[in-house]
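Colleague: Below is the file protein_33.cif, with mmCIF, C-alpha atoms.
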```cif
data_my_file
#
loop_
_atom_site.group_PDB
_atom_site.id
_atom_site.type_symbol
_atom_site.label_atom_id
_atom_site.label_comp_id
_atom_site.auth_asym_id
_atom_site.auth_seq_id
_atom_site.Cartn_x
_atom_site.Cartn_y
_atom_site.Cartn_z
ATOM 1 C CA MET A 1 0.000 0.000 0.000
ATOM 2 C CA THR A 2 1.323 3.438 -0.923
ATOM 3 C CA VAL A 3 0.686 6.897 0.518
ATOM 4 C CA ASN A 4 -1.380 7.629 -2.564
ATOM 5 C CA ASP A 5 -3.638 4.663 -1.793
ATOM 6 C CA ILE A 6 -4.549 5.969 1.656
ATOM 7 C CA VAL A 7 -5.031 9.508 0.304
ATOM 8 C CA GLY A 8 -7.711 8.099 -1.999
ATOM 9 C CA LYS A 9 -9.300 5.713 0.492
ATOM 10 C CA LEU A 10 -9.448 8.134 3.424
ATOM 11 C CA ASN A 11 -10.081 11.218 1.301
ATOM 12 C CA LEU A 12 -7.035 13.054 2.677
ATOM 13 C CA THR A 13 -5.811 16.497 1.644
ATOM 14 C CA VAL A 14 -2.295 16.570 0.180
ATOM 15 C CA PHE A 15 -0.584 19.717 1.490
ATOM 16 C CA GLY A 16 2.877 18.986 0.140
ATOM 17 C CA GLY A 17 5.624 16.484 -0.538
ATOM 18 C CA ASP A 18 3.764 15.225 -3.627
ATOM 19 C CA LYS A 19 6.862 13.491 -4.979
ATOM 20 C CA GLY A 20 6.719 11.092 -2.038
ATOM 21 C CA LEU A 21 3.172 9.905 -2.712
ATOM 22 C CA ASN A 22 4.452 6.606 -4.093
ATOM 23 C CA ARG A 23 6.207 5.742 -0.806
ATOM 24 C CA GLU A 24 5.286 2.347 0.647
ATOM 25 C CA ILE A 25 3.454 2.253 3.991
ATOM 26 C CA THR A 26 4.429 -0.435 6.487
ATOM 27 C CA GLY A 27 2.313 0.712 9.439
ATOM 28 C CA GLY A 28 1.372 3.714 11.508
ATOM 29 C CA TYR A 29 2.382 5.587 14.624
ATOM 30 C CA VAL A 30 0.256 8.070 16.587
ATOM 31 C CA SER A 31 1.945 10.590 18.876
ATOM 32 C CA ASP A 32 2.369 14.297 19.508
ATOM 33 C CA LEU A 33 5.582 13.906 21.487
ATOM 34 C CA LEU A 34 8.570 14.212 19.192
ATOM 35 C CA SER A 35 10.895 12.172 21.401
ATOM 36 C CA ASP A 36 8.316 9.396 21.536
ATOM 37 C CA VAL A 37 8.215 9.273 17.745
ATOM 38 C CA MET A 38 12.007 9.509 17.614
ATOM 39 C CA GLY A 39 12.354 6.586 19.988
ATOM 40 C CA ASN A 40 9.539 4.333 18.822
ATOM 41 C CA ALA A 41 8.328 4.981 15.272
ATOM 42 C CA SER A 42 9.739 2.848 12.476
ATOM 43 C CA GLU A 43 10.790 3.466 8.902
ATOM 44 C CA GLY A 44 7.876 3.416 6.470
ATOM 45 C CA GLU A 45 5.167 4.174 9.014
ATOM 46 C CA VAL A 46 2.574 6.923 8.641
ATOM 47 C CA TRP A 47 2.811 9.401 11.514
ATOM 48 C CA VAL A 48 -0.466 10.857 12.788
ATOM 49 C CA THR A 49 -0.144 14.060 14.842
ATOM 50 C CA LEU A 50 -1.574 17.469 15.681
ATOM 51 C CA GLN A 51 1.850 19.156 15.683
ATOM 52 C CA THR A 52 2.191 21.512 12.712
ATOM 53 C CA HIS A 53 5.694 22.967 13.019
ATOM 54 C CA LYS A 54 8.902 22.413 11.108
ATOM 55 C CA ASN A 55 10.499 20.093 13.652
ATOM 56 C CA VAL A 56 7.907 17.480 12.725
ATOM 57 C CA MET A 57 9.586 17.202 9.324
ATOM 58 C CA ALA A 58 13.052 16.939 10.881
ATOM 59 C CA VAL A 59 11.859 13.939 12.892
ATOM 60 C CA ALA A 60 9.914 12.525 9.926
ATOM 61 C CA SER A 61 13.015 12.714 7.763
ATOM 62 C CA LEU A 62 15.424 11.281 10.340
ATOM 63 C CA LYS A 63 13.046 8.375 10.974
ATOM 64 C CA ASP A 64 12.195 7.874 7.272
ATOM 65 C CA VAL A 65 8.440 7.815 7.897
ATOM 66 C CA SER A 66 6.388 7.531 4.712
ATOM 67 C CA ALA A 67 4.028 10.442 5.430
ATOM 68 C CA VAL A 68 2.651 12.725 8.138
ATOM 69 C CA ILE A 69 -1.106 13.100 8.652
ATOM 70 C CA LEU A 70 -2.443 16.181 10.457
ATOM 71 C CA VAL A 71 -5.803 15.665 12.163
ATOM 72 C CA LYS A 72 -8.829 17.880 12.983
ATOM 73 C CA GLY A 73 -8.419 20.121 9.942
ATOM 74 C CA LEU A 74 -5.021 21.416 11.070
ATOM 75 C CA LYS A 75 -2.710 22.872 8.451
ATOM 76 C CA PRO A 76 1.096 22.748 8.346
ATOM 77 C CA ASP A 77 3.082 25.907 9.167
ATOM 78 C CA GLU A 78 4.750 27.424 6.116
ATOM 79 C CA ASP A 79 8.231 26.193 7.016
ATOM 80 C CA MET A 80 6.896 22.694 7.727
ATOM 81 C CA LEU A 81 5.342 22.657 4.287
ATOM 82 C CA ALA A 82 8.553 23.904 2.669
ATOM 83 C CA GLN A 83 10.540 21.103 4.266
ATOM 84 C CA SER A 84 7.924 18.548 3.295
ATOM 85 C CA ASN A 85 8.506 19.513 -0.336
ATOM 86 C CA GLU A 86 12.262 19.549 0.112
ATOM 87 C CA GLU A 87 12.339 16.070 1.673
ATOM 88 C CA ASP A 88 9.585 14.614 -0.523
ATOM 89 C CA ILE A 89 7.749 13.392 2.551
ATOM 90 C CA PRO A 90 4.019 14.044 2.049
ATOM 91 C CA VAL A 91 2.096 16.068 4.623
ATOM 92 C CA LEU A 92 -1.553 15.061 4.512
ATOM 93 C CA GLY A 93 -4.620 16.356 6.295
ATOM 94 C CA THR A 94 -8.019 15.209 7.480
ATOM 95 C CA GLU A 95 -11.002 16.722 9.261
ATOM 96 C CA MET A 96 -11.242 13.549 11.350
ATOM 97 C CA GLU A 97 -10.073 13.409 14.947
ATOM 98 C CA THR A 98 -7.118 11.185 15.784
ATOM 99 C CA PHE A 99 -9.209 8.297 17.153
ATOM 100 C CA GLU A 100 -11.347 7.985 14.063
ATOM 101 C CA LEU A 101 -8.503 8.421 11.599
ATOM 102 C CA ALA A 102 -6.269 5.928 13.404
ATOM 103 C CA GLY A 103 -9.110 3.403 13.426
ATOM 104 C CA GLN A 104 -9.718 3.726 9.696
ATOM 105 C CA LEU A 105 -6.000 3.655 8.934
ATOM 106 C CA TYR A 106 -5.543 0.539 11.045
ATOM 107 C CA GLY A 107 -8.367 -1.165 9.195
ATOM 108 C CA LEU A 108 -6.764 -0.402 5.853
ATOM 109 C CA ILE A 109 -3.239 -1.436 6.786
ATOM 110 C CA LYS A 110 -4.271 -4.528 8.762
ATOM 111 C CA ASN A 111 -6.352 -5.896 5.869
ATOM 112 C CA ARG A 112 -3.647 -5.290 3.330
ATOM 113 C CA MET B 1 37.414 10.465 9.779
ATOM 114 C CA LYS B 2 36.322 13.469 11.804
ATOM 115 C CA PHE B 3 33.452 15.909 11.358
ATOM 116 C CA LYS B 4 32.165 18.838 13.338
ATOM 117 C CA TYR B 5 28.772 20.539 13.261
ATOM 118 C CA GLU B 6 27.697 23.682 15.080
ATOM 119 C CA ILE B 7 24.407 23.870 17.000
ATOM 120 C CA GLU B 8 22.660 27.167 17.718
ATOM 121 C CA GLY B 9 21.034 27.356 21.131
ATOM 122 C CA GLY B 10 17.377 28.381 21.067
ATOM 123 C CA ASN B 11 16.991 28.090 17.301
ATOM 124 C CA PHE B 12 14.409 25.358 16.795
ATOM 125 C CA SER B 13 14.111 26.032 13.071
ATOM 126 C CA LYS B 14 17.572 24.492 12.654
ATOM 127 C CA ALA B 15 17.154 21.660 15.155
ATOM 128 C CA GLY B 16 17.908 18.407 13.382
ATOM 129 C CA ASN B 17 20.186 19.879 10.716
ATOM 130 C CA ALA B 18 23.364 18.524 12.283
ATOM 131 C CA SER B 19 21.819 15.072 12.840
ATOM 132 C CA SER B 20 20.601 15.050 9.274
ATOM 133 C CA ALA B 21 24.091 15.910 7.977
ATOM 134 C CA VAL B 22 25.664 13.112 10.030
ATOM 135 C CA LYS B 23 23.017 10.662 8.800
ATOM 136 C CA LYS B 24 23.885 11.495 5.182
ATOM 137 C CA ILE B 25 27.581 10.927 5.781
ATOM 138 C CA LEU B 26 27.016 7.611 7.561
ATOM 139 C CA LYS B 27 24.883 6.470 4.621
ATOM 140 C CA GLN B 28 27.606 7.456 2.160
ATOM 141 C CA LEU B 29 30.117 5.480 4.200
ATOM 142 C CA ASN B 30 27.862 2.404 4.000
ATOM 143 C CA VAL B 31 27.396 2.125 7.748
ATOM 144 C CA PRO B 32 24.721 -0.585 8.322
ATOM 145 C CA PRO B 33 21.193 0.946 8.366
ATOM 146 C CA ALA B 34 20.352 -0.542 11.789
ATOM 147 C CA ILE B 35 23.337 1.243 13.320
ATOM 148 C CA ILE B 36 22.515 4.522 11.560
ATOM 149 C CA LYS B 37 18.921 4.353 12.846
ATOM 150 C CA LYS B 38 20.020 3.981 16.455
ATOM 151 C CA LEU B 39 22.716 6.608 16.300
ATOM 152 C CA VAL B 40 20.411 9.127 14.612
ATOM 153 C CA VAL B 41 17.957 8.887 17.526
ATOM 154 C CA ALA B 42 20.736 9.625 20.013
ATOM 155 C CA LEU B 43 22.142 12.432 17.869
ATOM 156 C CA TYR B 44 18.826 14.171 17.390
ATOM 157 C CA GLU B 45 17.949 14.012 21.080
ATOM 158 C CA GLY B 46 21.361 15.428 21.914
ATOM 159 C CA GLU B 47 20.997 18.171 19.356
ATOM 160 C CA VAL B 48 17.527 19.130 20.622
ATOM 161 C CA ASN B 49 18.831 19.224 24.194
ATOM 162 C CA VAL B 50 21.439 21.780 23.146
ATOM 163 C CA VAL B 51 18.840 23.839 21.242
ATOM 164 C CA ALA B 52 16.341 23.693 24.109
ATOM 165 C CA HIS B 53 18.694 24.293 27.043
ATOM 166 C CA ALA B 54 22.101 25.629 26.022
ATOM 167 C CA TRP B 55 23.467 28.800 24.455
ATOM 168 C CA ASN B 56 25.458 27.092 21.752
ATOM 169 C CA GLY B 57 27.175 23.819 21.094
ATOM 170 C CA CYS B 58 28.669 21.457 18.599
ATOM 171 C CA ILE B 59 28.648 17.819 17.597
ATOM 172 C CA HIS B 60 31.945 16.057 16.971
ATOM 173 C CA VAL B 61 31.764 12.791 15.080
ATOM 174 C CA ASP B 62 34.777 10.516 14.761
ATOM 175 C CA ILE B 63 34.274 7.490 12.567
ATOM 176 C CA GLU B 64 36.775 4.674 12.977
ATOM 177 C CA ALA B 65 36.891 1.158 11.555
ATOM 178 C CA ASP B 66 35.268 -0.476 14.561
ATOM 179 C CA ARG B 67 33.309 2.300 16.234
ATOM 180 C CA ILE B 68 31.710 5.727 15.931
ATOM 181 C CA PHE B 69 32.528 8.201 18.640
ATOM 182 C CA VAL B 70 30.189 11.171 19.095
ATOM 183 C CA SER B 71 30.669 14.043 21.464
ATOM 184 C CA ILE B 72 27.967 16.687 21.922
ATOM 185 C CA GLU B 73 29.415 19.657 23.759
ATOM 186 C CA ASP B 74 27.598 22.792 24.803
ATOM 187 C CA GLU B 75 28.062 26.031 26.633
ATOM 188 C CA GLY B 76 24.997 26.377 28.790
ATOM 189 C CA PRO B 77 23.454 26.164 32.239
ATOM 190 C CA GLY B 78 24.715 22.628 32.863
ATOM 191 C CA ILE B 79 22.913 19.826 34.709
ATOM 192 C CA PRO B 80 22.996 19.991 38.536
ATOM 193 C CA ASP B 81 21.852 16.380 39.062
ATOM 194 C CA ILE B 82 22.697 14.067 36.174
ATOM 195 C CA GLU B 83 21.081 11.018 37.772
ATOM 196 C CA GLN B 84 17.797 12.904 38.000
ATOM 197 C CA ALA B 85 18.132 14.135 34.402
ATOM 198 C CA MET B 86 18.552 10.541 33.219
ATOM 199 C CA GLN B 87 15.172 9.542 34.691
ATOM 200 C CA GLU B 88 12.420 9.039 32.154
ATOM 201 C CA GLY B 89 9.816 11.778 32.460
ATOM 202 C CA TYR B 90 12.053 14.283 34.240
ATOM 203 C CA SER B 91 12.317 17.554 32.322
ATOM 204 C CA THR B 92 13.186 21.184 32.944
ATOM 205 C CA ALA B 93 11.972 22.347 29.527
ATOM 206 C CA SER B 94 9.879 25.507 29.239
ATOM 207 C CA GLN B 95 6.146 25.431 28.587
ATOM 208 C CA ALA B 96 6.689 26.759 25.039
ATOM 209 C CA VAL B 97 9.110 23.931 24.272
ATOM 210 C CA ARG B 98 6.702 21.353 25.734
ATOM 211 C CA GLU B 99 3.863 22.613 23.575
ATOM 212 C CA MET B 100 5.957 21.811 20.509
ATOM 213 C CA GLY B 101 6.060 18.193 21.662
ATOM 214 C CA PHE B 102 9.528 18.339 23.176
ATOM 215 C CA GLY B 103 10.464 18.251 26.854
ATOM 216 C CA ALA B 104 8.715 15.023 27.762
ATOM 217 C CA GLY B 105 11.747 13.833 29.684
ATOM 218 C CA MET B 106 12.576 11.212 27.080
ATOM 219 C CA GLY B 107 15.678 12.749 25.541
ATOM 220 C CA LEU B 108 18.511 11.392 27.655
ATOM 221 C CA PRO B 109 16.763 8.014 28.226
ATOM 222 C CA ASN B 110 16.333 7.708 24.436
ATOM 223 C CA MET B 111 20.027 8.459 24.011
ATOM 224 C CA LYS B 112 20.985 5.814 26.546
ATOM 225 C CA LYS B 113 18.797 3.196 24.871
ATOM 226 C CA ASN B 114 20.332 3.874 21.481
ATOM 227 C CA ALA B 115 23.997 4.120 22.418
ATOM 228 C CA ASP B 116 26.403 1.311 23.273
ATOM 229 C CA TYR B 117 28.095 3.684 25.679
ATOM 230 C CA LEU B 118 26.844 6.997 27.063
ATOM 231 C CA ASN B 119 28.639 9.359 29.390
ATOM 232 C CA VAL B 120 27.343 12.730 30.594
ATOM 233 C CA LYS B 121 29.663 15.308 32.110
ATOM 234 C CA SER B 122 28.359 18.651 33.269
ATOM 235 C CA GLU B 123 29.388 21.752 35.127
ATOM 236 C CA VAL B 124 26.646 24.072 36.373
ATOM 237 C CA GLY B 125 26.879 27.499 34.744
ATOM 238 C CA LYS B 126 29.374 26.313 32.140
ATOM 239 C CA GLY B 127 28.010 23.498 30.048
ATOM 240 C CA THR B 128 27.482 19.846 29.328
ATOM 241 C CA THR B 129 29.296 17.200 27.305
ATOM 242 C CA VAL B 130 27.606 13.995 26.235
ATOM 243 C CA GLU B 131 29.778 11.227 24.826
ATOM 244 C CA ILE B 132 28.323 8.387 22.810
ATOM 245 C CA ILE B 133 30.064 5.339 21.423
ATOM 246 C CA THR B 134 28.459 3.024 18.889
ATOM 247 C CA PHE B 135 30.342 -0.129 17.997
ATOM 248 C CA LEU B 136 30.374 -1.155 14.366
ATOM 249 C CA LYS B 137 31.447 -4.727 15.042
#
```
Now, as a test, write the supplied structure out as structure tokens.
Modeller:
Amino acid sequence: MTVNDIVGKLNLTVFGGDKGLNREITGGYVSDLLSDVMGNASEGEVWVTLQTHKNVMAVASLKDVSAVILVKGLKPDEDMLAQSNEEDIPVLGTEMETFELAGQLYGLIKNR
Amino acid sequence: MKFKYEIEGGNFSKAGNASSAVKKILKQLNVPPAIIKKLVVALYEGEVNVVAHAWNGCIHVDIEADRIFVSIEDEGPGIPDIEQAMQEGYSTASQAVREMGFGAGMGLPNMKKNADYLNVKSEVGKGTTVEIITFLK
């Protein structure tokens, strides 16, 4: 399953990092604590968060996550978006709250 | 092979740049991915600690045949009680830093988990040095 697949299936907004839409997804991680993601997320996972600043992309890039999904209609800060495009790591968005999005995402990835 | 990267205290927009540069070099040198992944966690946490707490600092990386030696040195307030600082959940980060998702008291514990050897030296009012060794064999 690629990032593009979940964009279509969950009707996500693509804010940036379009060139990374063909990245493979191996799982997901949900956290708003950057050190938690740093310590526990794995390469290829989709990271679900409500943090919208540039440091999110630094962590996303260092951990090689496949995409970042912002919940509750949140939008990335300008410098986060710029780095998303630079790193080719997609930043996606949804109106859903974390619980609902994570549930749907889990269903998709589990049944892969 | 030795490298040095500067870290600006307080400048979160550049936090991660040094770690990212080291990651690129390790990749170019064909260091095994599993080792890079662990070291990058420790590096980033160390870099963020300097940005969040110190006035300025630098990362020294020394890559040898059998090990990678990293030293993160800063000029800053120092750590009065290192044992306390090593405890998971203990943090002195400001509210603003916590709201960004930092300062959860996971930094130093994360570094310890991802290093083969970790040593913290600190002098209050002067600064802190964190040494990390990762064995390649």
Colleague: With the PyMOL selection byres ((chain B) within 12 of (chain A)) as the selection, what would be picked from this file? Answer as a ChimeraX atom specification, please.
Modeller: /B:11-24,33-34,36-49,51,88-89,97-114
Colleague: How many Å lie between CA of Glu100 in chain A and CA of Leu21 in chain A, rounded to one decimal?
Modeller: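 Between CA of Glu100 in chain A and CA of Leu21 in chain A the gap is 22.3 Å.
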Colleague: Quick one, how far is CA of Glu64 in chain B from CA of Met1 in chain B?
Modeller: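 Separating CA of Glu64 in chain B from CA of Met1 in chain B is a distance of 6.6 Å.
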Colleague: Of the candidates A:Asn4, A:Asn111, A:Thr49, A:Thr98, which shows the shortest atom-to-atom distance to Asp18 in chain A, using only C-alpha atoms?
Modeller: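 Smallest distance to Asp18 in chain A is found for A:Asn4.
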Colleague: One decimal, Å: what's the distance from CA of Leu108 in chain A over to CA of Leu81 in chain A, could you say?
Modeller: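 Pair CA of Leu108 in chain A / CA of Leu81 in chain A returns 26.1 Å.
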Colleague: Written as a list in words, what is the full residue list that the PyMOL selection byres ((chain A and resi 26) around 6) yields on the file shown?
Modeller: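 Applying the expression gives Ile25, Gly27, Gly44 and Glu45 of chain A.
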Colleague: So which residues get picked by the PyMOL selection byres ((chain A and resi 16) around 9) here, written as a list in words?
Modeller: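 Applying the expression gives Val14, Phe15, Gly17, Asp18, Lys19, Leu81, Ala82, Gln83, Ser84, Asn85, Asp88, Ile89, Pro90, Val91 and Leu92 of chain A.
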Colleague: Can you sort out the box for range 21-24 of chain A, edges along x, y and z, all listed atoms in, 5 Å on every side, with centre and edge lengths in Å to one decimal, as AutoDock Vina command-line options?
Modeller:
```
--center_x 4.7 --center_y 6.1 --center_z -1.7 --size_x 13.0 --size_y 17.6 --size_z 14.7
```
Colleague: Taking into account all atoms listed in the file, which residue in the set B:Ile79, B:Ile68, B:Ile63, B:Val120 is nearest to Thr134 in chain B?
Modeller: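 Closest candidate: B:Ile68.
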Colleague: Using only C-alpha atoms - which residues lie no farther than 12 Å from the point (-3.0, 6.8, -1.0) in the file's frame? Write them as a PDB file with C-alpha atoms, in the frame of the given file.
Modeller:
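Result saved to point20.pdb:
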```
ATOM      1  CA  MET A   1       0.000   0.000   0.000  1.00  0.00           C
ATOM      2  CA  THR A   2       1.323   3.438  -0.923  1.00  0.00           C
ATOM      3  CA  VAL A   3       0.686   6.897   0.518  1.00  0.00           C
ATOM      4  CA  ASN A   4      -1.380   7.629  -2.564  1.00  0.00           C
ATOM      5  CA  ASP A   5      -3.638   4.663  -1.793  1.00  0.00           C
ATOM      6  CA  ILE A   6      -4.549   5.969   1.656  1.00  0.00           C
ATOM      7  CA  VAL A   7      -5.031   9.508   0.304  1.00  0.00           C
ATOM      8  CA  GLY A   8      -7.711   8.099  -1.999  1.00  0.00           C
ATOM      9  CA  LYS A   9      -9.300   5.713   0.492  1.00  0.00           C
ATOM     10  CA  LEU A  10      -9.448   8.134   3.424  1.00  0.00           C
ATOM     11  CA  ASN A  11     -10.081  11.218   1.301  1.00  0.00           C
ATOM     12  CA  LEU A  12      -7.035  13.054   2.677  1.00  0.00           C
ATOM     13  CA  THR A  13      -5.811  16.497   1.644  1.00  0.00           C
ATOM     14  CA  VAL A  14      -2.295  16.570   0.180  1.00  0.00           C
ATOM     15  CA  ASP A  18       3.764  15.225  -3.627  1.00  0.00           C
ATOM     16  CA  GLY A  20       6.719  11.092  -2.038  1.00  0.00           C
ATOM     17  CA  LEU A  21       3.172   9.905  -2.712  1.00  0.00           C
ATOM     18  CA  ASN A  22       4.452   6.606  -4.093  1.00  0.00           C
ATOM     19  CA  ARG A  23       6.207   5.742  -0.806  1.00  0.00           C
ATOM     20  CA  GLU A  24       5.286   2.347   0.647  1.00  0.00           C
ATOM     21  CA  ILE A  25       3.454   2.253   3.991  1.00  0.00           C
ATOM     22  CA  VAL A  46       2.574   6.923   8.641  1.00  0.00           C
ATOM     23  CA  SER A  66       6.388   7.531   4.712  1.00  0.00           C
ATOM     24  CA  ALA A  67       4.028  10.442   5.430  1.00  0.00           C
ATOM     25  CA  ILE A  69      -1.106  13.100   8.652  1.00  0.00           C
ATOM     26  CA  PRO A  90       4.019  14.044   2.049  1.00  0.00           C
ATOM     27  CA  VAL A  91       2.096  16.068   4.623  1.00  0.00           C
ATOM     28  CA  LEU A  92      -1.553  15.061   4.512  1.00  0.00           C
ATOM     29  CA  LEU A 105      -6.000   3.655   8.934  1.00  0.00           C
ATOM     30  CA  LEU A 108      -6.764  -0.402   5.853  1.00  0.00           C
ATOM     31  CA  ILE A 109      -3.239  -1.436   6.786  1.00  0.00           C
TER      32      ILE A 109
END
```
Colleague: Tell me which protein, DNA and RNA residues are within 6 Å of Ile72 in chain B, counting all atoms listed in the file, leaving out same-chain ones fewer than 3 positions away, and put them as a VMD selection string.
Modeller: chain B and resid 58 to 59 129 to 130
Colleague: As an MDAnalysis selection string, please: the residues near Phe99 in chain A (cut-off 12 Å, all atoms listed in the file, same-chain neighbours under 2 positions excluded).
Modeller: chainID A and resid 30:31 48:49 71:72 94:97 101:106
Colleague: Find the residue from B:Lys137, B:Gly127, B:His53, B:Ser122 that sits nearest to Glu83 in chain B; use all atoms listed in the file when measuring.
Modeller: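 The shortest atom-to-atom distance to Glu83 in chain B comes from B:Ser122.
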Colleague: For Met86 in chain B, which residue among B:Val31, B:Trp55, B:Glu73, B:Leu118 is the nearest when counting all atoms listed in the file?
Modeller: B:Leu118
Colleague: Need the shell around Asp62 in chain B: protein/DNA/RNA residues with any atom at most 9 Å away, counting all atoms listed in the file. Skip same-chain ones fewer than 4 positions apart. Format as a PyMOL selection string?
Modeller: chain B and resi 1-4+67-71
Colleague: Which residues are close to Asn56 in chain B, i.e. within 8 Å by only C-alpha atoms, leaving aside same-chain residues fewer than 2 positions away? Reply as number ranges by chain.
Modeller: B: 6-9, 50-51, 54, 58, 74-76
Colleague: Missing atoms in range 66-83 of chain A: can you complete it with N, CA, C and O atoms, as a compact mmCIF listing (two decimals), in the frame of the given file?
Modeller:
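Resulting contents of rebuild_30.txt:
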```txt
# COMPACT_ATOMS: atom_id res chain seq x y z
N SER A 66 6.84 7.41 6.10
CA SER A 66 6.39 7.53 4.71
C SER A 66 5.52 8.77 4.50
O SER A 66 5.48 9.31 3.39
N ALA A 67 4.85 9.23 5.55
CA ALA A 67 4.03 10.44 5.43
C ALA A 67 3.61 10.91 6.82
O ALA A 67 3.69 10.16 7.78
N VAL A 68 3.18 12.17 6.89
CA VAL A 68 2.65 12.72 8.14
C VAL A 68 1.19 13.09 7.88
O VAL A 68 0.87 13.68 6.84
N ILE A 69 0.30 12.71 8.80
CA ILE A 69 -1.11 13.10 8.65
C ILE A 69 -1.49 14.03 9.81
O ILE A 69 -1.34 13.68 10.98
N LEU A 70 -1.97 15.22 9.46
CA LEU A 70 -2.44 16.18 10.46
C LEU A 70 -3.95 15.99 10.62
O LEU A 70 -4.69 15.92 9.64
N VAL A 71 -4.39 15.95 11.87
CA VAL A 71 -5.80 15.66 12.16
C VAL A 71 -6.59 16.95 12.41
O VAL A 71 -6.02 18.04 12.47
N LYS A 72 -7.92 16.80 12.56
CA LYS A 72 -8.83 17.88 12.98
C LYS A 72 -8.77 19.13 12.11
O LYS A 72 -8.96 20.24 12.60
N GLY A 73 -8.43 18.97 10.85
CA GLY A 73 -8.42 20.12 9.94
C GLY A 73 -7.22 21.03 10.12
O GLY A 73 -7.18 22.14 9.58
N LEU A 74 -6.22 20.59 10.87
CA LEU A 74 -5.02 21.42 11.07
C LEU A 74 -4.21 21.51 9.79
O LEU A 74 -4.20 20.59 8.97
N LYS A 75 -3.53 22.66 9.64
CA LYS A 75 -2.71 22.87 8.45
C LYS A 75 -1.25 23.05 8.86
O LYS A 75 -0.97 23.61 9.92
N PRO A 76 -0.33 22.61 8.00
CA PRO A 76 1.10 22.75 8.35
C PRO A 76 1.53 24.21 8.32
O PRO A 76 1.05 24.99 7.49
N ASP A 77 2.45 24.59 9.25
CA ASP A 77 3.08 25.91 9.17
C ASP A 77 3.83 25.99 7.84
O ASP A 77 4.19 24.97 7.26
N GLU A 78 4.10 27.24 7.42
CA GLU A 78 4.75 27.42 6.12
C GLU A 78 6.10 26.71 6.02
O GLU A 78 6.41 26.09 5.00
N ASP A 79 6.90 26.81 7.10
CA ASP A 79 8.23 26.19 7.02
C ASP A 79 8.16 24.67 7.10
O ASP A 79 9.02 23.97 6.57
N MET A 80 7.09 24.15 7.73
CA MET A 80 6.90 22.69 7.73
C MET A 80 6.59 22.23 6.31
O MET A 80 7.15 21.24 5.82
N LEU A 81 5.74 22.99 5.65
CA LEU A 81 5.34 22.66 4.29
C LEU A 81 6.55 22.71 3.35
O LEU A 81 6.75 21.82 2.51
N ALA A 82 7.36 23.75 3.52
CA ALA A 82 8.55 23.90 2.67
C ALA A 82 9.46 22.69 2.82
O ALA A 82 9.98 22.15 1.84
N GLN A 83 9.63 22.24 4.07
CA GLN A 83 10.54 21.10 4.27
C GLN A 83 9.93 19.79 3.78
O GLN A 83 10.64 18.88 3.35
```
